Amino acid sequence: MKPIWIVDDDPSIRFVLEKALARDSLSTRSFTNPREVLEALDALPPGDPERQGPQVLVSDIRMPGGTGLQLLEQVRAQDPELPVIIMTAYSDLDSAVSAFQSGAFEYLPKPFDLPKAVALIRRAAEENNRELVSEEGQSAVPEMLGQAPAMQDVFRAIGRLSQSQVTVLITGESGAGKELVARALHRHSPVASGPFVAINTAAIPRDLLESELFGHERGAFTGAQTQRRGRFEQAEGGTLFLDEIGDMPFELQTRLLRVLSDGHFYRVGGHSAVKTHVRVIAATHQDLEQRVRDGGFREDLYHRLNVIRLRLPSLRERAEDIPMLARHFLQKSAKQLGVEPKRIAPEALQKLMQFGFPGNVRQLENICHWLTVMAPSQVISVQDLPPEVLHLPAASAAPAIAATPAAAEHAVVASSALSSVAPVVAPYGMPDVEAVAAQAAAALWDQGLAEEATQLLAAGRTDVWDMLTRRVESQLIRAALDVTHGRRMEAAQRLGIGRNTITRKIQELGLEDTDEA
């Protein structure tokens with residue numbers, strides 16, 4: 001096995017690392033300055049597969065005759081794959097940033113914990129023995145990825161619709177990739193040569209949405225200095241994708257129905273009908289049937305849009321696709337950043353597959369981009385994963401009531417609530433890692449609650465307060481009783497409520513079987 005090269009002008013540092021690495025069965029070779037390292041590298045026989053170059057280079061940042069950063073640049077120019085760890089007693093931001101910008105494997109501030117330093121060096125050594133990421137087939141990036149049966153059904157549907165211009169309604173959770181499906185439907189359609197125009201009807205204020213869709217004439221309203229073509233005209237001869245159609249204002253639904261019925265519309269302030277030849281694809285994360293029943297969506301428009309319906313599965317329903325998607329997104333991020341693609345260790349991949357992904361494929365892509373930037377190694381390990389993956393409950397542990405992306409985040413309500421009483425819980429044995437987990441969960445809980453409440457209110461529900469309050473109270477009481485092993489008095493004290501209150505709530509919420517008291 002190739003040795004670990006240590007470069008430091010301090011003999012005590014060299015001695016300590018040599019002995020510690022020797023105990024870990026790692027051979028070493030030490031140098032006092034960068035010049036000696038470069039001379040040793042030049043003396044290695046070129047093209048020799050058995051050449052005893054370094055497996056890892058561990059270098060101080062400030063030494064006589066040169067700096068560790070200069071050595072890093074020179075060494076990586078000769079061997080870009082060599083992991084380099086930079087040590088320094090000057091633990092400042094500039095040194096850390098400079099080290100990483102120069103391609104350092106990791107930045108190790110002095111004084112360091114010796115076992116952790118050895119573990120880091122071993123990790124770098126293992127990384128240097130990795131298999132290179134295959135680049136075969138990367139030139140042809142697929143439109144969509146998925147081996148799960150549910151995704152194969154979507155692919156088959158796209159294939160069957162390839163010769164049709166029929167209106168399609170795509171349903172699925174936020175972040176599942178509905179626009180990707182819409183673009184695929186367009187690319188494999190008779191109007192593929194025409195434009196693909198997308199508009200998110202929920203992202204545009206209702207007083208501007210009409211003009212965005214249908215355009216306006218000059219002088220139609222204050223600020224309308226010129227005639228403007230709307231999205232229908234921009235999509236002429238192609239496809240118009242109406243995302244989040246369930247959020248379209250009721251009064252505009254009538255105008256959309258007219259266009260779908262006879263292909264004519266009027267610009268805002270206009271008096272002449274405009275003829276349009278556009279294929280319409282709509283998408284929503286909402287239950288449109290419920291919206292119709294609640295009076296928030298026109299039934300006739302629903303039937304116009306629901307000619308062909310494609311349901312896009314959530315990532316939780318296609319966990320077997322996560323490895324393929326993760327590798328694809330890691331390669332994509334690496335290409336965008338101009339760096340080598342990172343690989344993900346099997347243990348880390350398993351952790352990702354257990355995660356619930358309330359944000360679906362979009363969340364996975366964001367995580368992969370984060371890992372490309374933040375993970376120190378070319379092989380991503382479990383500890384490199386972001387806090388939301390490490391500390392939030394897995395998909396298999398999500399409660400049955402989590403029926404929406406926001407609701408999935410409510411699975412962490414208990415730990416997030418108890419994090420607020422961490423000073424009370426910690427003396428009873430909560431490890432630091434659990435406190436960190438509770439804090440990470442709490443950071444996402446507010447957003448998840450707001451998103452789910454918004455969805456329920458937008459769907460026209462009138463029992464949102466009671467429904468969400470019961471669920472929150474149930475989770476709080478269950479968690480408190482679990483922490484206190486069923487002791488109601490202690491659970492009530494932890495929650496800051498009275499004994500009578502918790503007893504009444506347990507009865508009201510049907511939680512009698514939860515505790516032992």
# chains A, B, ... in the order shown; residues from 1 in each chain; ligands from 1

call {"tool": "closest_atom_pairs", "arguments": {"of": "range 214-256 of chain A", "to": "range 199-210 of chain A", "cutoff": "9 Å", "atoms": "only C-alpha atoms", "output": "Markdown table"}}
result
| residue | atom | partner | partner_atom | distance |
| --- | --- | --- | --- | --- |
| A:Phe214 | CA | A:Glu210 | CA | 6.0 |
| A:Gly215 | CA | A:Glu210 | CA | 7.4 |
| A:His216 | CA | A:Glu210 | CA | 8.7 |
| A:Gly230 | CA | A:Glu210 | CA | 8.6 |
| A:Arg231 | CA | A:Ile199 | CA | 7.8 |
| A:Leu240 | CA | A:Ile199 | CA | 7.9 |
| A:Phe241 | CA | A:Ile199 | CA | 6.3 |
| A:Leu242 | CA | A:Ile199 | CA | 5.4 |
| A:Asp243 | CA | A:Asn200 | CA | 4.6 |
| A:Glu244 | CA | A:Thr201 | CA | 5.8 |
| A:Ile245 | CA | A:Thr201 | CA | 6.2 |
| A:Gly246 | CA | A:Ala202 | CA | 8.3 |
| A:Asp247 | CA | A:Ala202 | CA | 5.4 |
| A:Met248 | CA | A:Thr201 | CA | 5.8 |
| A:Pro249 | CA | A:Arg206 | CA | 6.6 |
| A:Leu252 | CA | A:Glu210 | CA | 6.9 |
| A:Arg255 | CA | A:Glu210 | CA | 8.9 |

call {"tool": "write_last_selection", "arguments": {"atoms": "C-alpha atoms", "output": "PDB file, in the first residue's frame"}}
result
ATOM      1  CA  PHE A 214     -54.609  36.306 -23.084  1.00  0.00           C
ATOM      2  CA  GLY A 215     -52.516  39.458 -23.623  1.00  0.00           C
ATOM      3  CA  HIS A 216     -53.848  42.993 -23.711  1.00  0.00           C
ATOM      4  CA  GLY A 230     -50.332  36.530 -24.019  1.00  0.00           C
ATOM      5  CA  ARG A 231     -49.186  32.973 -23.403  1.00  0.00           C
ATOM      6  CA  LEU A 240     -49.273  25.612 -23.393  1.00  0.00           C
ATOM      7  CA  PHE A 241     -48.562  24.108 -19.979  1.00  0.00           C
ATOM      8  CA  LEU A 242     -50.829  25.445 -17.223  1.00  0.00           C
ATOM      9  CA  ASP A 243     -49.175  24.487 -13.949  1.00  0.00           C
ATOM     10  CA  GLU A 244     -51.131  24.531 -10.665  1.00  0.00           C
ATOM     11  CA  ILE A 245     -54.394  24.890 -12.538  1.00  0.00           C
ATOM     12  CA  GLY A 246     -56.289  24.227  -9.312  1.00  0.00           C
ATOM     13  CA  ASP A 247     -55.282  27.680  -8.072  1.00  0.00           C
ATOM     14  CA  MET A 248     -56.708  29.549 -11.055  1.00  0.00           C
ATOM     15  CA  PRO A 249     -59.214  32.241  -9.964  1.00  0.00           C
ATOM     16  CA  LEU A 252     -60.744  33.227 -15.176  1.00  0.00           C
ATOM     17  CA  ARG A 255     -62.485  32.396 -20.030  1.00  0.00           C
TER      18      ARG A 255
END

call {"tool": "residues_around", "arguments": {"residues": "Leu38 in chain A", "least_positions_apart": "5", "cutoff": "12 Å", "atoms": "only C-alpha atoms", "output": "tab-separated table (two decimals) with C-alpha atoms, in the first residue's frame"}}
result
chain	number	residue	atom	x	y	z
A	5	TRP	CA	3.22	11.64	2.98
A	7	VAL	CA	4.85	17.61	5.28
A	31	PHE	CA	9.19	15.84	4.76
A	32	THR	CA	10.10	19.16	6.33
A	33	ASN	CA	9.22	21.51	3.46
A	43	ALA	CA	12.34	11.21	-8.60
A	44	LEU	CA	9.51	8.69	-8.96
A	53	GLY	CA	4.04	7.89	-4.62
A	54	PRO	CA	1.79	9.18	-1.88
A	57	LEU	CA	-0.59	14.07	1.22
A	65	GLY	CA	10.40	27.69	1.62
A	66	GLY	CA	6.75	27.65	0.55
A	68	GLY	CA	0.90	24.23	1.76
A	70	GLN	CA	1.31	26.37	-3.23
A	71	LEU	CA	2.34	22.76	-2.75
A	72	LEU	CA	-1.29	21.70	-3.15
A	73	GLU	CA	-1.56	23.42	-6.54
A	74	GLN	CA	1.72	21.97	-7.79
A	75	VAL	CA	0.94	18.44	-6.62
A	76	ARG	CA	-2.58	18.43	-8.04
A	77	ALA	CA	-1.20	19.66	-11.36
A	78	GLN	CA	0.76	16.40	-11.52

call {"tool": "residues_around", "arguments": {"residues": "Asp262 in chain A", "least_positions_apart": "4", "cutoff": "10 Å", "atoms": "only C-alpha atoms", "output": "MDAnalysis selection string"}}
result
chainID A and resid 257:258 275:276

call {"tool": "write_last_selection", "arguments": {"atoms": "C-alpha atoms", "output": "PDB file, in the first residue's frame"}}
result
ATOM      1  CA  LEU A 257     -63.278  27.121 -20.728  1.00  0.00           C
ATOM      2  CA  ARG A 258     -64.267  29.276 -23.706  1.00  0.00           C
ATOM      3  CA  LYS A 275     -58.092  32.255 -33.032  1.00  0.00           C
ATOM      4  CA  THR A 276     -55.627  29.898 -31.381  1.00  0.00           C
TER       5      THR A 276
END

call {"tool": "residues_around", "arguments": {"residues": "range 9-14 of chain A", "least_positions_apart": "2", "cutoff": "10 Å", "atoms": "only C-alpha atoms", "output": "ChimeraX atom specification"}}
result
/A:5-7,16-19,28-34,58-60,62-64,110-111

call {"tool": "atom_distance", "arguments": {"atom1": "CA of Thr222 in chain A", "atom2": "CA of Val274 in chain A"}}
result
22.7 Å

call {"tool": "atom_distance", "arguments": {"atom1": "CA of Ile308 in chain A", "atom2": "CA of Ile170 in chain A"}}
result
8.5 Å

call {"tool": "residues_around", "arguments": {"residues": "range 172-182 of chain A", "least_positions_apart": "2", "cutoff": "10 Å", "atoms": "only C-alpha atoms", "output": "count of residues only"}}
result
47

call {"tool": "select_by_dssp", "arguments": {"residues": "range 34-273 of chain A", "states": "strand (DSSP E)", "output": "ChimeraX atom specification"}}
result
/A:56-60,62-63,66-67,84-88,106-109,168-171,196-200,239-243,264-265

call {"tool": "select_by_dssp", "arguments": {"residues": "range 98-304 of chain A", "states": "alpha helix (DSSP H)", "output": "NGL selection string"}}
result
:A and (98-101 or 114-128 or 149-160 or 178-187 or 206-214 or 231-234 or 250-262 or 288-293 or 299-304)

call {"tool": "closest_residue", "arguments": {"among": "A:Val472, A:Val37, A:Ala192, A:Leu449", "to": "Gln163 in chain A", "atoms": "only C-alpha atoms"}}
result
A:Ala192

call {"tool": "atom_distance", "arguments": {"atom1": "CA of Leu509 in chain A", "atom2": "CA of Ser474 in chain A"}}
result
6.6 Å

call {"tool": "residues_around", "arguments": {"residues": "Ile506 in chain A", "least_positions_apart": "2", "cutoff": "10 Å", "atoms": "only C-alpha atoms", "output": "list of chain:residue names"}}
result
A:Glu473, A:Ser474, A:Ile477, A:Arg478, A:Arg488, A:Asn500, A:Thr501, A:Ile502, A:Thr503, A:Arg504, A:Glu508, A:Leu509, A:Gly510, A:Leu511, A:Glu512, A:Asp513, A:Thr514, A:Asp515
